[in-house]
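Q: Sending over structure.cif (mmCIF, C-alpha atoms).
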```cif
data_query
#
loop_
_atom_site.label_atom_id
_atom_site.label_comp_id
_atom_site.auth_asym_id
_atom_site.auth_seq_id
_atom_site.Cartn_x
_atom_site.Cartn_y
_atom_site.Cartn_z
CA MET A 1 8.81 155.82 -181.48
CA THR A 2 7.94 152.13 -181.44
CA PRO A 3 10.21 149.59 -179.72
CA ALA A 4 11.26 148.35 -183.17
CA ASP A 5 12.20 151.88 -184.29
CA PHE A 6 14.03 152.41 -181.06
CA ALA A 7 15.99 149.18 -181.44
CA ALA A 8 16.86 150.07 -185.00
CA VAL A 9 18.67 153.27 -184.01
CA MET A 10 20.22 151.85 -180.86
CA SER A 11 23.79 150.63 -181.08
CA ASP A 12 24.92 147.52 -179.19
CA ASN A 13 26.33 149.67 -176.40
CA ASP A 14 23.37 151.94 -175.80
CA ALA A 15 21.52 151.22 -172.59
CA PRO A 16 17.83 152.14 -172.83
CA PHE A 17 17.39 151.61 -169.10
CA ALA A 18 17.50 153.88 -166.09
CA PRO A 19 20.77 153.83 -164.13
CA PRO A 20 20.54 152.07 -160.76
CA GLY A 21 19.08 154.36 -158.10
CA SER A 22 18.98 154.07 -154.32
CA THR A 23 18.67 150.70 -152.64
CA GLN A 24 15.02 151.52 -151.96
CA GLU A 25 14.40 152.32 -155.64
CA VAL A 26 16.26 149.22 -156.85
CA GLU A 27 14.62 146.77 -154.44
CA GLU A 28 11.13 148.18 -154.00
CA GLY A 29 10.60 150.16 -157.18
CA ARG A 30 8.66 149.55 -160.35
CA VAL A 31 11.34 151.01 -162.60
CA LEU A 32 13.60 148.59 -164.44
CA MET A 33 17.14 149.73 -163.60
CA PRO A 34 19.43 146.77 -164.27
CA LYS A 35 22.71 146.72 -162.39
CA PHE A 36 25.13 145.71 -165.14
CA ASP A 37 28.55 144.56 -163.94
CA ALA A 38 31.95 145.94 -165.02
CA ASP A 39 31.57 144.03 -168.30
CA GLY A 40 28.09 145.46 -168.87
CA LEU A 41 26.33 142.18 -168.10
CA VAL A 42 23.62 140.75 -165.87
CA THR A 43 23.23 137.03 -165.18
CA CYS A 44 20.23 135.29 -166.71
CA VAL A 45 18.78 131.94 -165.65
CA ALA A 46 16.47 130.20 -168.10
CA THR A 47 14.08 127.56 -166.79
CA ASP A 48 11.74 125.28 -168.71
CA ALA A 49 8.21 126.67 -168.33
CA ALA A 50 6.77 123.16 -168.36
CA SER A 51 9.14 121.15 -166.13
CA GLY A 52 10.65 123.94 -164.04
CA ASP A 53 14.15 122.55 -164.71
CA VAL A 54 17.00 125.00 -165.06
CA LEU A 55 18.02 124.88 -168.72
CA MET A 56 21.01 127.21 -168.75
CA VAL A 57 22.75 130.16 -167.16
CA ALA A 58 24.01 132.90 -169.46
CA HIS A 59 24.50 136.66 -169.59
CA MET A 60 22.69 139.62 -171.09
CA ASN A 61 24.01 143.06 -171.94
CA ALA A 62 21.62 145.99 -172.32
CA ARG A 63 21.03 145.21 -175.96
CA ALA A 64 20.26 141.53 -175.30
CA LEU A 65 17.84 142.47 -172.53
CA GLU A 66 16.09 145.03 -174.71
CA ARG A 67 15.81 142.55 -177.60
CA THR A 68 14.43 139.84 -175.31
CA ILE A 69 11.74 142.17 -173.94
CA ALA A 70 10.86 143.52 -177.39
CA THR A 71 10.75 140.21 -179.30
CA GLY A 72 9.76 137.64 -176.66
CA GLU A 73 12.66 135.45 -177.76
CA ALA A 74 15.71 134.99 -175.55
CA HIS A 75 18.78 136.98 -176.55
CA TYR A 76 22.08 136.77 -174.70
CA PHE A 77 25.55 138.23 -174.93
CA SER A 78 28.16 135.66 -175.87
CA ARG A 79 31.23 136.28 -173.76
CA SER A 80 33.35 133.92 -175.87
CA ARG A 81 32.32 135.53 -179.16
CA GLN A 82 31.78 139.02 -177.64
CA THR A 83 28.59 139.50 -179.59
CA LEU A 84 24.82 139.61 -179.29
CA TRP A 85 23.45 136.09 -179.57
CA ARG A 86 19.86 135.23 -180.40
CA LYS A 87 19.44 131.83 -178.79
CA GLY A 88 18.85 129.29 -181.52
CA GLU A 89 20.07 131.49 -184.39
CA THR A 90 22.35 128.65 -185.57
CA SER A 91 20.60 125.57 -184.20
CA GLY A 92 16.98 126.67 -184.53
CA HIS A 93 16.55 125.87 -180.85
CA VAL A 94 14.95 129.16 -179.88
CA GLN A 95 13.52 130.04 -176.48
CA ARG A 96 10.09 131.65 -176.37
CA VAL A 97 9.79 133.72 -173.22
CA VAL A 98 6.72 132.97 -171.11
CA GLU A 99 7.67 135.20 -168.19
CA MET A 100 10.60 137.40 -167.16
CA ARG A 101 11.47 138.19 -163.56
CA MET A 102 14.01 140.60 -162.02
CA ASP A 103 15.73 139.93 -158.71
CA CYS A 104 15.93 142.16 -155.66
CA ASP A 105 19.14 143.98 -156.52
CA GLN A 106 18.43 143.95 -160.27
CA ASP A 107 21.58 142.13 -161.32
CA ALA A 108 19.99 138.78 -162.18
CA ILE A 109 17.08 137.84 -164.43
CA TRP A 110 14.99 134.70 -164.45
CA ILE A 111 13.18 133.77 -167.66
CA ARG A 112 10.67 130.95 -167.97
CA VAL A 113 10.79 129.71 -171.54
CA GLU A 114 9.34 127.27 -174.01
CA GLN A 115 12.47 125.59 -175.31
CA VAL A 116 12.39 124.42 -178.91
CA GLY A 117 14.64 121.36 -179.20
CA ALA A 118 17.40 121.53 -176.61
CA ALA A 119 19.10 124.34 -174.71
CA CYS A 120 22.61 122.87 -174.41
CA HIS A 121 25.19 123.02 -177.18
CA THR A 122 26.09 119.39 -176.31
CA GLY A 123 22.64 118.31 -177.50
CA ARG A 124 20.99 117.85 -174.10
CA LYS A 125 17.75 119.55 -173.13
CA SER A 126 19.47 121.25 -170.18
CA CYS A 127 23.09 122.21 -169.59
CA PHE A 128 22.77 120.66 -166.12
CA TYR A 129 23.00 116.99 -167.11
CA ARG A 130 25.37 115.93 -164.32
CA ARG A 131 24.68 115.61 -160.62
CA ILE A 132 27.41 116.50 -158.12
CA GLU A 133 27.73 113.71 -155.56
CA GLY A 134 29.94 113.84 -152.50
CA GLY A 135 31.50 110.82 -150.86
CA GLU A 136 34.54 109.21 -149.30
CA GLY A 137 36.92 109.75 -152.20
CA GLY A 138 35.74 113.29 -152.90
CA ALA A 139 33.00 114.65 -155.12
CA ARG A 140 32.26 113.29 -158.57
CA LEU A 141 29.82 113.89 -161.41
CA VAL A 142 27.03 111.47 -162.27
CA PHE A 143 25.18 111.77 -165.58
CA VAL A 144 21.40 112.27 -165.24
CA ASP A 145 18.86 113.41 -167.84
CA ALA A 146 21.80 113.32 -170.25
CA GLU A 147 20.11 111.97 -173.37
CA ARG A 148 21.14 113.92 -176.47
CA LEU A 149 18.20 115.37 -178.39
CA PHE A 150 20.41 116.35 -181.31
CA ASP A 151 23.89 115.67 -182.67
CA PRO A 152 25.98 118.79 -182.04
CA ASN A 153 28.43 117.82 -184.78
CA ALA A 154 25.62 117.88 -187.32
CA VAL A 155 23.91 121.03 -186.04
CA TYR A 156 26.97 123.22 -185.61
CA ARG A 157 28.97 121.97 -188.60
CA LYS A 158 30.25 124.94 -190.54
CA MET B 1 41.21 111.91 -143.94
CA THR B 2 37.50 112.60 -143.56
CA PRO B 3 35.85 115.55 -145.33
CA ALA B 4 35.59 117.30 -141.97
CA ASP B 5 39.30 116.83 -141.29
CA PHE B 6 40.07 118.01 -144.78
CA ALA B 7 37.95 121.13 -144.36
CA ALA B 8 39.58 121.86 -141.03
CA VAL B 9 43.05 122.16 -142.51
CA MET B 10 41.96 123.90 -145.69
CA SER B 11 42.25 127.67 -145.81
CA ASP B 12 39.63 129.79 -147.55
CA ASN B 13 41.77 130.02 -150.68
CA ASP B 14 42.61 126.37 -151.10
CA ALA B 15 40.85 124.72 -154.01
CA PRO B 16 40.34 121.01 -153.43
CA PHE B 17 39.21 120.52 -157.02
CA ALA B 18 40.96 119.48 -160.21
CA PRO B 19 41.90 122.32 -162.56
CA PRO B 20 39.76 122.50 -165.72
CA GLY B 21 40.97 120.03 -168.35
CA SER B 22 40.18 119.75 -172.04
CA THR B 23 36.74 120.65 -173.38
CA GLN B 24 36.03 116.91 -173.65
CA GLU B 25 37.00 116.35 -170.01
CA VAL B 26 35.03 119.37 -168.79
CA GLU B 27 31.84 118.62 -170.75
CA GLU B 28 31.76 114.83 -170.86
CA GLY B 29 33.79 113.83 -167.81
CA ARG B 30 32.90 112.56 -164.38
CA VAL B 31 35.55 114.65 -162.62
CA LEU B 32 34.42 117.83 -160.88
CA MET B 33 36.70 120.56 -162.27
CA PRO B 34 34.92 123.87 -161.65
CA LYS B 35 35.88 126.72 -163.93
CA PHE B 36 36.22 129.57 -161.44
CA ASP B 37 36.29 133.05 -162.97
CA ALA B 38 38.98 135.72 -162.46
CA ASP B 39 37.52 136.39 -159.01
CA GLY B 40 37.58 132.70 -158.11
CA LEU B 41 33.81 132.30 -158.37
CA VAL B 42 31.19 130.18 -160.10
CA THR B 43 27.54 131.22 -160.41
CA CYS B 44 25.01 129.29 -158.36
CA VAL B 45 21.25 129.16 -158.94
CA ALA B 46 19.10 127.93 -156.07
CA THR B 47 15.61 126.66 -156.83
CA ASP B 48 12.88 125.56 -154.45
CA ALA B 49 12.78 121.76 -154.49
CA ALA B 50 9.01 121.80 -153.98
CA SER B 51 7.78 124.55 -156.31
CA GLY B 52 10.64 124.68 -158.82
CA ASP B 53 10.77 128.48 -158.48
CA VAL B 54 14.14 130.19 -158.70
CA LEU B 55 14.87 131.49 -155.21
CA MET B 56 18.15 133.32 -155.75
CA VAL B 57 21.31 133.63 -157.80
CA ALA B 58 24.60 133.92 -155.94
CA HIS B 59 28.25 132.91 -156.18
CA MET B 60 30.46 130.22 -154.72
CA ASN B 61 34.23 130.16 -154.36
CA ALA B 62 36.07 126.85 -153.92
CA ARG B 63 35.59 126.93 -150.17
CA ALA B 64 31.84 127.60 -150.41
CA LEU B 65 31.43 124.79 -152.92
CA GLU B 66 33.41 122.38 -150.76
CA ARG B 67 31.39 123.34 -147.66
CA THR B 68 28.09 122.93 -149.51
CA ILE B 69 29.04 119.44 -150.71
CA ALA B 70 30.39 118.41 -147.31
CA THR B 71 27.56 119.76 -145.14
CA GLY B 72 24.49 119.61 -147.39
CA GLU B 73 23.71 123.23 -146.49
CA ALA B 74 24.15 126.00 -149.03
CA HIS B 75 27.26 128.14 -148.60
CA TYR B 76 28.08 131.09 -150.83
CA PHE B 77 30.76 133.71 -151.18
CA SER B 78 29.51 137.20 -150.36
CA ARG B 79 30.99 139.59 -152.90
CA SER B 80 29.89 142.63 -150.89
CA ARG B 81 31.41 141.33 -147.64
CA GLN B 82 34.21 139.34 -149.36
CA THR B 83 33.68 136.39 -147.06
CA LEU B 84 32.32 132.87 -146.89
CA TRP B 85 28.60 133.02 -146.14
CA ARG B 86 26.56 130.13 -144.79
CA LYS B 87 23.08 130.94 -146.05
CA GLY B 88 20.88 131.62 -143.04
CA GLU B 89 23.72 132.14 -140.55
CA THR B 90 22.13 135.44 -139.45
CA SER B 91 18.47 134.90 -140.31
CA GLY B 92 18.16 131.17 -139.61
CA HIS B 93 16.78 130.77 -143.12
CA VAL B 94 19.08 127.95 -144.16
CA GLN B 95 18.91 126.01 -147.41
CA ARG B 96 19.08 122.22 -147.21
CA VAL B 97 20.46 120.88 -150.46
CA VAL B 98 18.34 118.18 -152.09
CA GLU B 99 20.38 117.92 -155.28
CA MET B 100 23.38 119.65 -156.86
CA ARG B 101 23.96 119.84 -160.59
CA MET B 102 26.92 121.09 -162.64
CA ASP B 103 26.54 122.65 -166.07
CA CYS B 104 28.27 121.70 -169.33
CA ASP B 105 31.26 124.01 -169.03
CA GLN B 106 31.45 123.71 -165.25
CA ASP B 107 31.10 127.40 -164.45
CA ALA B 108 27.55 127.31 -163.10
CA ILE B 109 25.87 125.21 -160.43
CA TRP B 110 22.19 124.51 -159.86
CA ILE B 111 21.08 123.48 -156.40
CA ARG B 112 17.58 122.31 -155.53
CA VAL B 113 16.95 123.20 -151.91
CA GLU B 114 14.47 123.04 -149.07
CA GLN B 115 14.28 126.68 -148.04
CA VAL B 116 13.64 127.36 -144.37
CA GLY B 117 11.73 130.65 -144.12
CA ALA B 118 12.59 132.91 -147.03
CA ALA B 119 15.56 133.20 -149.38
CA CYS B 120 15.49 136.96 -149.99
CA HIS B 121 16.96 139.52 -147.60
CA THR B 122 13.88 141.67 -148.27
CA GLY B 123 11.74 139.03 -146.56
CA ARG B 124 10.25 137.40 -149.66
CA LYS B 125 10.45 133.68 -150.34
CA SER B 126 12.29 134.34 -153.63
CA CYS B 127 14.46 137.25 -154.77
CA PHE B 128 12.46 137.26 -158.02
CA TYR B 129 9.32 139.00 -156.76
CA ARG B 130 8.90 141.33 -159.72
CA ARG B 131 7.86 140.50 -163.27
CA ILE B 132 9.38 142.44 -166.16
CA GLU B 133 6.63 143.60 -168.50
CA GLY B 134 7.18 145.32 -171.82
CA GLY B 135 4.79 147.75 -173.40
CA GLU B 136 4.25 151.04 -175.18
CA GLY B 137 5.98 153.26 -172.66
CA GLY B 138 8.90 150.89 -172.12
CA ALA B 139 9.42 148.04 -169.70
CA ARG B 140 8.31 148.17 -166.07
CA LEU B 141 8.32 145.95 -163.01
CA VAL B 142 5.16 144.41 -161.58
CA PHE B 143 5.17 142.88 -158.10
CA VAL B 144 4.17 139.19 -157.99
CA ASP B 145 4.60 136.65 -155.20
CA ALA B 146 5.92 139.58 -153.19
CA GLU B 147 4.45 138.83 -149.78
CA ARG B 148 7.01 139.29 -147.01
CA LEU B 149 7.49 136.19 -144.85
CA PHE B 150 9.59 138.08 -142.34
CA ASP B 151 10.45 141.65 -141.37
CA PRO B 152 14.02 142.31 -142.54
CA ASN B 153 14.39 145.16 -140.05
CA ALA B 154 13.73 142.78 -137.20
CA VAL B 155 15.81 139.87 -138.50
CA TYR B 156 18.91 141.79 -139.52
CA ARG B 157 18.88 144.35 -136.70
CA LYS B 158 22.35 144.49 -135.14
#
```
I need this file expressed as structure tokens, please.
A:
Amino acid sequence: MTPADFAAVMSDNDAPFAPPGSTQEVEEGRVLMPKFDADGLVTCVATDAASGDVLMVAHMNARALERTIATGEAHYFSRSRQTLWRKGETSGHVQRVVEMRMDCDQDAIWIRVEQVGAACHTGRKSCFYRRIEGGEGGARLVFVDAERLFDPNAVYRK
Amino acid sequence: MTPADFAAVMSDNDAPFAPPGSTQEVEEGRVLMPKFDADGLVTCVATDAASGDVLMVAHMNARALERTIATGEAHYFSRSRQTLWRKGETSGHVQRVVEMRMDCDQDAIWIRVEQVGAACHTGRKSCFYRRIEGGEGGARLVFVDAERLFDPNAVYRK
């Protein structure tokens, strides 16, 4: 059965991954055994393969992880819409995966991507367009790298 | 009242931040209004200020965020121990914060840090020491950048 065949018969809730094993197996093993949380999700950090900047933080369910591995394009699970979400399916701003990494306890994934257009729904390249600065009167946000690469009202207009 | 005074009278559950406002205020404002989840946490990604590599993904509650801003050293909330956790308090492997960024919907933070020693409890510089590789027989993990910089059995021995 090819990955494509497998994906075709797999429902959104099927998990084609091994269940988490012992700490030794999870941390030092070569078997992918993602530790999905109570909502069935792992955290995913996407960084720009060229600049190294963090573009966004999102979540993957088993289906999104399987699709990302199989297609080489980032898929997430939208918690607000409760559905599988191929990044860029509306905007065209897809993420081509250059490398995927798993963390020690297998509950977080790091993907290095080639970002087409911009990652953030506000039109910025990265979602992290504000610096947190402390100070006398308390912390505040300062806009940096906040240029809009597209007009969200035009791209997401229904 | 100085930040230190403020911290001294603040209990672990106090949140010295504005509550999340409108989408416009959250996404385009200069006021820090973290969107803590049902457990009172935001996600935090720490990257190496020199290499750009993702070192770890962890969580901050209001107290950890306040302490990180006030001290310039990364503090997290340990979900397993349910307590505030100054990174490196046991191992000495502290993280000096070079820059903090907030994301568009204010539920994720990116910190660029100078990592003393190694970030991962397994002894590696980064928690992401395994690549996810797809293929015919399904996905597997391949060790990369997995050299141990310290012996966890020696560092964490009680």
Q: Can you find the residues with an atom no farther than 12 Å from (25.3, 129.1, -140.9), counting all atoms listed in the file, and report them as an MDAnalysis selection string?
A: chainID B and resid 64 67:68 71:76 84:96
Q: Can you work out which residues from chain A touch chain B at a cut-off of 6 Å (counting only C-alpha atoms) and hand them back as a ChimeraX atom specification?
A: /A:30-32,52,69,100-104,127-128,130-132,134,140-141
Q: What would you get as a tab-separated table (two decimals) with C-alpha atoms, in the coordinates of the input if chain A were moved onto chain B by least squares over all of its C-alpha atoms in order?
A:
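Generated file (selection_30.tsv):
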```
chain	number	residue	atom	x	y	z
A	1	MET	CA	41.38	112.03	-144.03
A	2	THR	CA	37.66	112.67	-143.65
A	3	PRO	CA	35.97	115.60	-145.43
A	4	ALA	CA	35.67	117.34	-142.04
A	5	ASP	CA	39.41	116.92	-141.36
A	6	PHE	CA	40.17	118.11	-144.83
A	7	ALA	CA	38.00	121.20	-144.43
A	8	ALA	CA	39.60	121.96	-141.10
A	9	VAL	CA	43.10	122.28	-142.57
A	10	MET	CA	41.98	123.99	-145.77
A	11	SER	CA	42.24	127.76	-145.90
A	12	ASP	CA	39.58	129.85	-147.65
A	13	ASN	CA	41.73	130.06	-150.77
A	14	ASP	CA	42.61	126.41	-151.18
A	15	ALA	CA	40.84	124.73	-154.05
A	16	PRO	CA	40.32	121.00	-153.42
A	17	PHE	CA	39.19	120.49	-157.01
A	18	ALA	CA	40.93	119.45	-160.19
A	19	PRO	CA	41.88	122.30	-162.54
A	20	PRO	CA	39.75	122.49	-165.69
A	21	GLY	CA	40.95	120.03	-168.32
A	22	SER	CA	40.17	119.73	-172.02
A	23	THR	CA	36.75	120.62	-173.36
A	24	GLN	CA	36.03	116.90	-173.63
A	25	GLU	CA	37.00	116.33	-169.99
A	26	VAL	CA	35.02	119.35	-168.77
A	27	GLU	CA	31.84	118.60	-170.73
A	28	GLU	CA	31.76	114.81	-170.84
A	29	GLY	CA	33.77	113.82	-167.80
A	30	ARG	CA	32.88	112.55	-164.37
A	31	VAL	CA	35.52	114.63	-162.61
A	32	LEU	CA	34.40	117.80	-160.87
A	33	MET	CA	36.68	120.53	-162.25
A	34	PRO	CA	34.91	123.84	-161.63
A	35	LYS	CA	35.87	126.71	-163.90
A	36	PHE	CA	36.21	129.55	-161.41
A	37	ASP	CA	36.30	133.04	-162.93
A	38	ALA	CA	38.99	135.71	-162.42
A	39	ASP	CA	37.52	136.38	-158.96
A	40	GLY	CA	37.58	132.68	-158.08
A	41	LEU	CA	33.81	132.29	-158.34
A	42	VAL	CA	31.19	130.17	-160.08
A	43	THR	CA	27.54	131.21	-160.39
A	44	CYS	CA	25.01	129.27	-158.35
A	45	VAL	CA	21.25	129.16	-158.93
A	46	ALA	CA	19.09	127.93	-156.07
A	47	THR	CA	15.60	126.66	-156.84
A	48	ASP	CA	12.87	125.57	-154.45
A	49	ALA	CA	12.76	121.76	-154.49
A	50	ALA	CA	9.00	121.81	-153.98
A	51	SER	CA	7.77	124.58	-156.32
A	52	GLY	CA	10.63	124.69	-158.81
A	53	ASP	CA	10.77	128.50	-158.48
A	54	VAL	CA	14.14	130.19	-158.70
A	55	LEU	CA	14.88	131.48	-155.21
A	56	MET	CA	18.15	133.31	-155.75
A	57	VAL	CA	21.31	133.62	-157.80
A	58	ALA	CA	24.60	133.90	-155.91
A	59	HIS	CA	28.25	132.89	-156.17
A	60	MET	CA	30.46	130.20	-154.70
A	61	ASN	CA	34.23	130.14	-154.32
A	62	ALA	CA	36.05	126.84	-153.89
A	63	ARG	CA	35.58	126.91	-150.15
A	64	ALA	CA	31.83	127.59	-150.39
A	65	LEU	CA	31.42	124.77	-152.90
A	66	GLU	CA	33.38	122.35	-150.74
A	67	ARG	CA	31.37	123.30	-147.64
A	68	THR	CA	28.07	122.90	-149.50
A	69	ILE	CA	29.01	119.41	-150.71
A	70	ALA	CA	30.36	118.37	-147.30
A	71	THR	CA	27.52	119.72	-145.12
A	72	GLY	CA	24.46	119.60	-147.38
A	73	GLU	CA	23.69	123.20	-146.48
A	74	ALA	CA	24.14	125.99	-149.01
A	75	HIS	CA	27.26	128.11	-148.59
A	76	TYR	CA	28.08	131.06	-150.82
A	77	PHE	CA	30.76	133.69	-151.16
A	78	SER	CA	29.51	137.17	-150.34
A	79	ARG	CA	30.98	139.56	-152.87
A	80	SER	CA	29.89	142.61	-150.86
A	81	ARG	CA	31.39	141.31	-147.61
A	82	GLN	CA	34.19	139.32	-149.34
A	83	THR	CA	33.67	136.38	-147.04
A	84	LEU	CA	32.30	132.85	-146.87
A	85	TRP	CA	28.59	133.00	-146.12
A	86	ARG	CA	26.55	130.11	-144.77
A	87	LYS	CA	23.07	130.92	-146.02
A	88	GLY	CA	20.87	131.60	-143.03
A	89	GLU	CA	23.71	132.11	-140.54
A	90	THR	CA	22.12	135.41	-139.42
A	91	SER	CA	18.46	134.89	-140.29
A	92	GLY	CA	18.14	131.17	-139.60
A	93	HIS	CA	16.77	130.77	-143.11
A	94	VAL	CA	19.06	127.94	-144.15
A	95	GLN	CA	18.89	126.00	-147.40
A	96	ARG	CA	19.06	122.22	-147.21
A	97	VAL	CA	20.44	120.86	-150.46
A	98	VAL	CA	18.32	118.16	-152.09
A	99	GLU	CA	20.35	117.92	-155.28
A	100	MET	CA	23.35	119.65	-156.86
A	101	ARG	CA	23.94	119.84	-160.59
A	102	MET	CA	26.92	121.09	-162.64
A	103	ASP	CA	26.54	122.65	-166.08
A	104	CYS	CA	28.27	121.70	-169.30
A	105	ASP	CA	31.26	124.01	-169.02
A	106	GLN	CA	31.44	123.69	-165.22
A	107	ASP	CA	31.10	127.38	-164.43
A	108	ALA	CA	27.54	127.30	-163.09
A	109	ILE	CA	25.86	125.19	-160.42
A	110	TRP	CA	22.19	124.50	-159.87
A	111	ILE	CA	21.06	123.48	-156.39
A	112	ARG	CA	17.56	122.31	-155.52
A	113	VAL	CA	16.93	123.20	-151.90
A	114	GLU	CA	14.46	123.04	-149.07
A	115	GLN	CA	14.27	126.67	-148.04
A	116	VAL	CA	13.62	127.36	-144.38
A	117	GLY	CA	11.71	130.65	-144.12
A	118	ALA	CA	12.58	132.89	-147.05
A	119	ALA	CA	15.56	133.19	-149.38
A	120	CYS	CA	15.50	136.95	-150.00
A	121	HIS	CA	16.97	139.50	-147.60
A	122	THR	CA	13.87	141.67	-148.27
A	123	GLY	CA	11.73	139.03	-146.56
A	124	ARG	CA	10.25	137.40	-149.67
A	125	LYS	CA	10.45	133.69	-150.36
A	126	SER	CA	12.29	134.35	-153.64
A	127	CYS	CA	14.47	137.24	-154.77
A	128	PHE	CA	12.48	137.26	-158.02
A	129	TYR	CA	9.33	138.99	-156.76
A	130	ARG	CA	8.90	141.34	-159.73
A	131	ARG	CA	7.88	140.52	-163.28
A	132	ILE	CA	9.41	142.46	-166.17
A	133	GLU	CA	6.65	143.63	-168.51
A	134	GLY	CA	7.21	145.34	-171.82
A	135	GLY	CA	4.83	147.81	-173.39
A	136	GLU	CA	4.31	151.10	-175.18
A	137	GLY	CA	6.07	153.31	-172.66
A	138	GLY	CA	8.96	150.91	-172.12
A	139	ALA	CA	9.45	148.05	-169.69
A	140	ARG	CA	8.36	148.20	-166.07
A	141	LEU	CA	8.35	145.97	-163.01
A	142	VAL	CA	5.18	144.43	-161.60
A	143	PHE	CA	5.18	142.90	-158.11
A	144	VAL	CA	4.16	139.21	-158.01
A	145	ASP	CA	4.57	136.66	-155.21
A	146	ALA	CA	5.91	139.59	-153.20
A	147	GLU	CA	4.43	138.83	-149.79
A	148	ARG	CA	7.00	139.28	-147.02
A	149	LEU	CA	7.46	136.18	-144.87
A	150	PHE	CA	9.57	138.07	-142.35
A	151	ASP	CA	10.44	141.64	-141.39
A	152	PRO	CA	14.01	142.29	-142.54
A	153	ASN	CA	14.40	145.14	-140.07
A	154	ALA	CA	13.71	142.76	-137.20
A	155	VAL	CA	15.79	139.85	-138.51
A	156	TYR	CA	18.90	141.77	-139.51
A	157	ARG	CA	18.89	144.34	-136.71
A	158	LYS	CA	22.35	144.52	-135.21
```
Q: Just give me the gap between atom CA of Ala49 of chain A and atom CA of Ala146 of chain B in Å, one decimal is fine.
A: 20.0 Å
Q: What separation in Å, quoted to one decimal, exists between atom CA of Ala154 of chain B and atom CA of His59 of chain B?
A: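 Value for the atom CA of Ala154 of chain B-atom CA of His59 of chain B distance: 25.9 Å.
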Q: In Å, with one decimal, what is the gap from atom CA of Phe150 of chain A to atom CA of Gly21 of chain B?
A: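 Rounded to one decimal, the two atoms are 24.6 Å apart.
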Q: Exactly which residues make up the result of the PyMOL selection byres ((chain A and resi 36) around 10) on this file, given as a PyMOL selection string?
A: chain A and resi 15+19-20+33-35+37-43+60-62+106-108
Q: Write the residues you've just listed into a file as a compact mmCIF listing (two decimals), keeping the file's coordinate frame, and include C-alpha atoms for each of them.
A:
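See selection_34.txt below for the written result:
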```
# COMPACT_ATOMS: atom_id res chain seq x y z
CA ALA A 15 21.52 151.22 -172.59
CA PRO A 19 20.77 153.83 -164.13
CA PRO A 20 20.54 152.07 -160.76
CA MET A 33 17.14 149.73 -163.60
CA PRO A 34 19.43 146.77 -164.27
CA LYS A 35 22.71 146.72 -162.39
CA ASP A 37 28.55 144.56 -163.94
CA ALA A 38 31.95 145.94 -165.02
CA ASP A 39 31.57 144.03 -168.30
CA GLY A 40 28.09 145.46 -168.87
CA LEU A 41 26.33 142.18 -168.10
CA VAL A 42 23.62 140.75 -165.87
CA THR A 43 23.23 137.03 -165.18
CA MET A 60 22.69 139.62 -171.09
CA ASN A 61 24.01 143.06 -171.94
CA ALA A 62 21.62 145.99 -172.32
CA GLN A 106 18.43 143.95 -160.27
CA ASP A 107 21.58 142.13 -161.32
CA ALA A 108 19.99 138.78 -162.18
```
Q: Between A:Arg63, A:Ser80, A:Asp151, A:Ala50, which one has atoms that come closest to Val98 of chain A, using only C-alpha atoms?
A: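 Between A:Arg63, A:Ser80, A:Asp151, A:Ala50, the residue approaching Val98 of chain A most closely is A:Ala50.
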